[in-house]
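Shown below: data18.cif, with mmCIF, C-alpha atoms.
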data_run
#
loop_
_atom_site.label_atom_id
_atom_site.label_comp_id
_atom_site.auth_asym_id
_atom_site.auth_seq_id
_atom_site.Cartn_x
_atom_site.Cartn_y
_atom_site.Cartn_z
CA MET Y 15 -0.24 -31.31 5.82
CA ILE Y 16 -3.16 -30.70 3.46
CA VAL Y 17 -2.24 -30.03 -0.17
CA SER Y 18 -4.48 -28.89 -3.00
CA ILE Y 19 -3.60 -28.65 -6.69
CA HIS Y 20 -5.20 -26.68 -9.51
CA GLN Y 21 -4.39 -25.07 -12.84
CA PRO Y 22 -3.85 -21.29 -12.52
CA GLU Y 23 -7.11 -19.77 -13.76
CA THR Y 24 -7.91 -16.21 -14.81
CA TYR Y 25 -9.96 -14.27 -12.23
CA PRO Y 26 -11.23 -17.48 -10.50
CA GLN Y 27 -14.56 -17.96 -8.74
CA LEU Y 28 -15.12 -18.20 -4.98
CA GLY Y 29 -14.76 -21.99 -4.73
CA TYR Y 30 -11.22 -21.77 -6.09
CA PHE Y 31 -10.20 -19.54 -3.20
CA ASN Y 32 -11.92 -21.88 -0.74
CA LYS Y 33 -9.60 -24.68 -1.94
CA ILE Y 34 -6.63 -22.41 -1.29
CA LEU Y 35 -7.91 -21.43 2.15
CA GLU Y 36 -8.46 -25.02 3.28
CA ALA Y 37 -4.99 -26.17 2.19
CA ASP Y 38 -1.66 -25.70 3.94
CA LYS Y 39 0.08 -25.76 0.57
CA PHE Y 40 -1.47 -24.98 -2.83
CA VAL Y 41 0.25 -26.13 -6.01
CA PHE Y 42 -0.32 -24.24 -9.25
CA LEU Y 43 -0.45 -26.90 -11.98
CA ASP Y 44 1.11 -24.61 -14.55
CA ASP Y 45 3.02 -27.16 -16.63
CA VAL Y 46 0.10 -29.08 -18.15
CA ALA Y 47 -1.66 -28.50 -21.48
CA PHE Y 48 -3.68 -25.33 -21.89
CA ARG Y 49 -7.40 -26.03 -22.22
CA LYS Y 50 -9.12 -23.97 -24.89
CA ASN Y 51 -12.48 -22.31 -24.13
CA TYR Y 52 -12.13 -22.97 -20.41
CA PHE Y 53 -11.13 -20.78 -17.46
CA GLN Y 54 -7.36 -20.62 -17.82
CA ASN Y 55 -7.64 -17.39 -19.81
CA ARG Y 56 -11.10 -16.03 -19.00
CA ASN Y 57 -13.93 -15.61 -16.51
CA ARG Y 58 -17.05 -13.49 -16.23
CA VAL Y 59 -18.52 -10.70 -14.17
CA CYS Y 60 -22.20 -9.86 -13.89
CA SER Y 61 -23.56 -6.61 -15.29
CA LYS Y 62 -27.07 -5.20 -15.38
CA ASN Y 63 -27.27 -6.43 -18.97
CA GLY Y 64 -26.06 -9.97 -18.26
CA ASP Y 65 -22.72 -11.76 -17.93
CA VAL Y 66 -19.62 -10.09 -19.37
CA TRP Y 67 -16.69 -12.34 -20.23
CA MET Y 68 -13.20 -10.97 -19.54
CA THR Y 69 -10.88 -12.92 -21.82
CA LEU Y 70 -7.12 -12.83 -22.33
CA PRO Y 71 -6.40 -13.75 -25.98
CA VAL Y 72 -3.46 -16.17 -26.00
CA SER Y 73 -0.67 -17.44 -28.24
CA GLY Y 74 2.36 -19.65 -27.77
CA ASP Y 75 3.12 -23.32 -27.15
CA ALA Y 76 0.93 -26.01 -25.62
CA LEU Y 77 1.52 -25.72 -21.88
CA ILE Y 78 -0.17 -23.12 -19.66
CA CYS Y 79 3.19 -21.73 -18.58
CA GLN Y 80 4.17 -21.34 -22.26
CA LYS Y 81 1.15 -19.25 -23.20
CA ASN Y 82 1.40 -15.50 -23.73
CA TYR Y 83 -1.58 -13.16 -23.56
CA ASP Y 84 -2.39 -9.98 -25.43
CA ARG Y 85 -1.65 -7.24 -22.89
CA ARG Y 86 -4.02 -4.83 -24.64
CA ALA Y 87 -6.90 -6.83 -23.12
CA ILE Y 88 -5.96 -5.69 -19.61
CA GLN Y 89 -7.16 -2.13 -20.22
CA LYS Y 90 -10.47 -3.50 -21.48
CA HIS Y 91 -10.85 -5.56 -18.30
CA GLU Y 92 -10.09 -2.58 -16.11
CA LYS Y 93 -12.67 -0.50 -17.98
CA THR Y 94 -15.24 -3.33 -17.71
CA ILE Y 95 -14.85 -3.43 -13.93
CA LEU Y 96 -15.30 0.32 -13.49
CA THR Y 97 -18.16 0.50 -15.99
CA THR Y 98 -19.97 -2.44 -14.39
CA TYR Y 99 -19.44 -1.70 -10.70
CA GLY Y 100 -18.65 1.99 -10.43
CA ASN Y 101 -15.68 3.99 -9.27
CA GLY Y 102 -15.48 2.86 -5.62
CA THR Y 103 -12.57 2.06 -3.32
CA VAL Y 104 -12.73 -1.71 -3.80
CA GLN Y 105 -13.21 -1.40 -7.56
CA ASN Y 106 -10.22 0.91 -7.94
CA GLY Y 107 -8.18 -1.40 -5.72
CA ILE Y 108 -8.92 -4.35 -7.99
CA VAL Y 109 -8.10 -2.34 -11.10
CA SER Y 110 -4.76 -1.33 -9.56
CA LEU Y 111 -4.09 -4.93 -8.56
CA ILE Y 112 -4.75 -6.16 -12.11
CA HIS Y 113 -2.46 -3.46 -13.50
CA GLU Y 114 0.34 -4.49 -11.13
CA CYS Y 115 -0.09 -8.17 -12.03
CA ASP Y 116 0.16 -7.30 -15.72
CA GLU Y 117 3.33 -5.29 -15.15
CA ILE Y 118 4.95 -8.25 -13.37
CA ALA Y 119 3.69 -10.93 -15.77
CA ALA Y 120 4.65 -8.96 -18.91
CA GLY Y 121 2.44 -11.12 -21.09
CA CYS Y 122 2.99 -14.55 -19.48
CA LEU Y 123 -0.48 -16.05 -18.85
CA SER Y 124 0.39 -18.35 -15.96
CA GLU Y 125 2.37 -15.62 -14.22
CA PHE Y 126 -0.52 -13.16 -14.52
CA ASN Y 127 -2.99 -15.70 -13.13
CA ILE Y 128 -0.70 -16.69 -10.27
CA GLN Y 129 0.01 -13.08 -9.33
CA PHE Y 130 -3.71 -12.23 -9.31
CA ILE Y 131 -4.65 -15.30 -7.27
CA ALA Y 132 -1.87 -14.75 -4.74
CA ARG Y 133 -2.72 -11.07 -4.27
CA VAL Y 134 -6.46 -11.64 -3.91
CA SER Y 135 -5.72 -14.45 -1.44
CA ASP Y 136 -3.67 -12.02 0.62
CA MET Y 137 -6.48 -9.46 0.39
CA LEU Y 138 -8.88 -12.09 1.79
CA GLY Y 139 -6.54 -12.98 4.67
CA ILE Y 140 -5.48 -16.35 3.24
CA ARG Y 141 -1.95 -17.35 4.26
CA THR Y 142 -1.54 -20.61 2.34
CA GLU Y 143 1.89 -21.41 0.87
CA PHE Y 144 2.04 -21.41 -2.94
CA VAL Y 145 4.15 -23.74 -5.09
CA ARG Y 146 4.51 -24.00 -8.88
CA ALA Y 147 4.39 -27.48 -10.35
CA SER Y 148 6.81 -26.36 -13.08
CA GLU Y 149 9.49 -26.10 -10.38
CA LEU Y 150 9.00 -29.67 -9.08
CA GLU Y 151 10.34 -31.62 -12.11
CA THR Y 152 7.55 -34.20 -12.04
CA LYS Y 153 7.38 -36.92 -14.71
CA THR Y 154 3.88 -38.45 -14.63
CA ALA Y 155 0.34 -37.43 -15.68
CA LYS Y 156 -3.28 -37.32 -14.43
CA SER Y 157 -3.84 -39.24 -11.15
CA ASP Y 158 -0.19 -40.34 -11.05
CA LEU Y 159 0.90 -36.72 -11.39
CA VAL Y 160 -1.34 -35.59 -8.53
CA LEU Y 161 0.05 -38.32 -6.27
CA GLU Y 162 3.62 -37.57 -7.35
CA ILE Y 163 3.16 -33.89 -6.49
CA CYS Y 164 1.64 -34.79 -3.12
CA GLU Y 165 4.58 -37.05 -2.29
CA THR Y 166 7.10 -34.48 -3.54
CA VAL Y 167 5.78 -31.65 -1.33
CA GLY Y 168 5.16 -33.88 1.70
CA ALA Y 169 1.37 -34.05 1.77
CA THR Y 170 -0.44 -36.20 4.31
CA SER Y 171 -3.84 -35.24 2.82
CA TYR Y 172 -4.93 -34.19 -0.65
CA LEU Y 173 -7.92 -31.85 -1.01
CA SER Y 174 -9.57 -32.54 -4.37
CA GLY Y 175 -12.45 -30.99 -6.23
CA VAL Y 176 -15.49 -33.20 -6.76
CA SER Y 177 -14.32 -34.13 -10.28
CA GLY Y 178 -11.40 -35.97 -8.71
CA ARG Y 179 -13.71 -38.91 -8.12
CA ASP Y 180 -13.69 -39.49 -11.89
CA TYR Y 181 -9.96 -39.98 -12.36
CA LEU Y 182 -8.05 -40.34 -9.08
CA LYS Y 183 -6.64 -43.82 -8.37
CA LEU Y 184 -7.77 -43.81 -4.75
CA ASP Y 185 -6.22 -47.17 -3.92
CA GLU Y 186 -2.78 -45.84 -4.86
CA PHE Y 187 -3.26 -42.80 -2.61
CA LYS Y 188 -4.19 -45.13 0.24
CA VAL Y 189 -1.10 -47.27 -0.30
CA SER Y 190 1.05 -44.12 -0.27
CA GLY Y 191 -0.52 -42.94 2.98
CA VAL Y 192 -2.10 -39.82 1.45
CA GLU Y 193 -5.66 -39.27 2.66
CA VAL Y 194 -8.03 -37.93 -0.01
CA LEU Y 195 -10.56 -35.23 0.88
CA PHE Y 196 -13.23 -33.88 -1.48
CA GLN Y 197 -14.27 -30.25 -1.40
CA LYS Y 198 -17.98 -29.43 -1.29
CA PHE Y 199 -18.23 -25.68 -1.46
CA SER Y 200 -21.46 -23.96 -0.42
CA TYR Y 201 -21.90 -21.07 -2.84
CA PRO Y 202 -23.49 -18.02 -1.21
CA THR Y 203 -26.34 -16.11 -2.77
CA TYR Y 204 -25.46 -12.42 -2.58
CA ARG Y 205 -26.67 -9.19 -4.17
CA GLN Y 206 -25.72 -9.40 -7.83
CA TYR Y 207 -26.56 -7.63 -11.10
CA GLY Y 208 -28.65 -9.52 -13.64
CA GLU Y 209 -31.84 -11.53 -13.46
CA ALA Y 210 -30.40 -14.99 -12.72
CA PHE Y 211 -27.82 -15.43 -9.96
CA ASN Y 212 -24.50 -16.78 -11.27
CA LYS Y 213 -22.65 -18.57 -8.48
CA TYR Y 214 -19.64 -19.26 -10.73
CA ALA Y 215 -18.87 -15.61 -11.46
CA SER Y 216 -15.35 -14.33 -10.83
CA VAL Y 217 -14.33 -13.40 -7.29
CA ILE Y 218 -14.19 -9.87 -8.71
CA ASP Y 219 -17.99 -9.83 -8.73
CA ALA Y 220 -18.27 -10.75 -5.05
CA LEU Y 221 -15.58 -8.23 -4.07
CA CYS Y 222 -17.16 -5.36 -5.99
CA MET Y 223 -20.70 -6.10 -4.80
CA ASN Y 224 -19.97 -7.02 -1.18
CA GLY Y 225 -16.51 -5.77 -0.20
CA ILE Y 226 -13.46 -7.60 1.09
CA GLU Y 227 -14.67 -8.70 4.55
CA GLN Y 228 -17.93 -10.20 3.33
CA THR Y 229 -16.22 -11.96 0.43
CA ALA Y 230 -13.71 -13.47 2.86
CA GLN Y 231 -16.67 -14.90 4.80
CA PHE Y 232 -18.13 -16.34 1.60
CA VAL Y 233 -14.85 -18.12 0.88
CA LYS Y 234 -14.88 -19.81 4.29
CA ASN Y 235 -18.05 -21.77 3.42
CA GLY Y 236 -16.52 -25.15 2.64
CA ILE Y 237 -17.16 -28.80 3.49
CA TRP Y 238 -14.77 -31.74 3.15
CA GLU Y 239 -15.64 -35.34 2.52
CA LYS Y 240 -13.10 -38.05 3.31
CA GLU Y 241 -12.95 -40.83 0.78
#

Show this structure as structure tokens.
Amino acid sequence: MIVSIHQPETYPQLGYFNKILEADKFVFLDDVAFRKNYFQNRNRVCSKNGDVWMTLPVSGDALICQKNYDRRAIQKHEKTILTTYGNGTVQNGIVSLIHECDEIAAGCLSEFNIQFIARVSDMLGIRTEFVRASELETKTAKSDLVLEICETVGATSYLSGVSGRDYLKLDEFKVSGVEVLFQKFSYPTYRQYGEAFNKYASVIDALCMNGIEQTAQFVKNGIWEKE
């Protein structure tokens, strides 16, 4: 069984969904420290006037699952999507989806992110099982935490991002019988607003510019490397 692990991000980019697609089980690493000025509470879409960041202002304790977001930002995000991409079927569907996620999350950042990611995954035809790390009662950190999660959920293979090469204790994975795979995602170049193509834009950009079926094809462009 292939397992992948990642912090729940806000409106993630295409490569994030590729990691979900290629895994049998995807673990939301929601019980680690929130990283300021990163992607756990923001991402960008591409307008005719350049990138537009959609940020959820946060407050609360240190962990991602302890952070609350300012719900007033959701209306701004919905308006940004319709102003940037128009009032089409896909655009309105995404706005409705974001509204529903906000209603369920009620200000909890990790819950909002998880709801959005799970619903977009379903929209793209991804049937991967989701697990929250906060429900696993793990006790370690960094590489040890990744291996502990893999062992806890019964992984035979772990699908890592390329940055995993910098911190994973690969010898310990080998001893535990967990094969390590590294994702190499091929970002597509599609029709996009703005002068310079931004391959790391939110999945919202691809959906609004290309529709659901084409975006699902973009997400399938992935390559693994065995360590």

Quiz prompt | Shell of 6 Å around Y:Phe144, all atoms listed in the file, local chain residues under 6 positions omitted, as a PyMOL selection string | solution = chain Y and resi 39-41

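Of the residues under consideration (Y:Arg141, Y:Lys234, Y:Lys156, Y:Arg146), Y:Arg146 shows the shortest atom-to-atom contact distance to Y:Ile128 when counting all atoms listed in the file.
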
Self-check item: Surrounding residues of Y:Val46 excluding itself and chain neighbours under 6 positions, 10 Å, all atoms listed in the file, as an MDAnalysis selection string
Solution: chainID Y and resid 21 76:80 147:148 155:156

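Proximity ranking of Y:Ser73, Y:Gly107, Y:Asp44, Y:Lys33 relative to Y:Tyr172 places Y:Lys33 first, based on all atoms listed in the file.
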
Quiz prompt | Point-to-point distance in Å for atom CA of Y:Leu173 and atom CA of Y:Gln197 | solution = 6.6 Å

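Here atom CA of Y:Gln129 is placed at a distance of 20.2 Å from atom CA of Y:Gly225.
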
Quiz item: Could you state the separation of atom CA of Y:Asp65 and atom CA of Y:Thr103 in Å, given to one decimal place?
Solution: 22.5 Å

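Residues lying at most 6 Å from (-27.2, -14.4, -16.1) in file coordinates, with only C-alpha atoms considered, are Gly64, Asp65, Gly208 and Ala210 of chain Y.
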
Exercise. Apply the PyMOL selection byres ((chain Y and resi 143) around 12) to the structure shown and report the selected residues as a VMD selection string.
Key: chain Y and resid 15 to 19 34 to 42 132 135 to 136 140 to 142 144 to 146 167

Contacts of Y:Leu96 at 10 Å or less, counting all atoms listed in the file, minus same-chain residues fewer than 4 places along, as a PDB file with C-alpha atoms, keeping the file's coordinate frame?
ATOM      1  CA  HIS Y  91     -10.850  -5.560 -18.300  1.00  0.00           C
ATOM      2  CA  GLU Y  92     -10.090  -2.580 -16.110  1.00  0.00           C
ATOM      3  CA  GLY Y 100     -18.650   1.990 -10.430  1.00  0.00           C
ATOM      4  CA  ASN Y 101     -15.680   3.990  -9.270  1.00  0.00           C
ATOM      5  CA  GLY Y 102     -15.480   2.860  -5.620  1.00  0.00           C
ATOM      6  CA  GLN Y 105     -13.210  -1.400  -7.560  1.00  0.00           C
ATOM      7  CA  ASN Y 106     -10.220   0.910  -7.940  1.00  0.00           C
ATOM      8  CA  ILE Y 108      -8.920  -4.350  -7.990  1.00  0.00           C
ATOM      9  CA  VAL Y 109      -8.100  -2.340 -11.100  1.00  0.00           C
ATOM     10  CA  CYS Y 222     -17.160  -5.360  -5.990  1.00  0.00           C
TER      11      CYS Y 222
END

Quiz prompt | Residues in the PyMOL selection byres ((chain Y and resi 202) around 12), expressed as a PyMOL selection string | solution = chain Y and resi 27-29+199-201+203-206+211-215+217+220+224+228-236

Quiz item: Using the chain letters and numbers from the file, which residues does the PyMOL selection byres ((chain Y and resi 116-124) around 9) grab, as a PyMOL selection string?
Solution: chain Y and resi 21-24+42+44+54-55+70+72+78-85+88+111-115+125-130

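For the residues Y:Val194, Y:Ser157, Y:Ser216, Y:Ile131, ranking by smallest atom-to-atom distance to Y:Phe53 using only C-alpha atoms places Y:Ser216 first.
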
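When only C-alpha atoms are used to compute distances to Y:Val176, the closest of the residues Y:Ile237, Y:Leu221, Y:Met137, Y:Met68 turns out to be Y:Ile237.
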
Using all atoms of stretch 132-137 of chain Y listed in the file and a margin of 6 Å per side, can you give the axis-aligned box centre and edge lengths in Å to one decimal, as AutoDock Vina command-line options?
--center_x -4.2 --center_y -12.1 --center_z -2.1 --size_x 16.6 --size_y 17.3 --size_z 17.4

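Of the residues under consideration (Y:Val134, Y:Val192, Y:Ile226, Y:Val104), Y:Val192 shows the shortest atom-to-atom contact distance to Y:Ala169 when counting all atoms listed in the file.
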
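Take the candidates Y:Ile95, Y:Ala87, Y:Leu195, Y:Val189 and check each one against Y:Val66 using all atoms listed in the file; the shortest distance goes to Y:Ile95.
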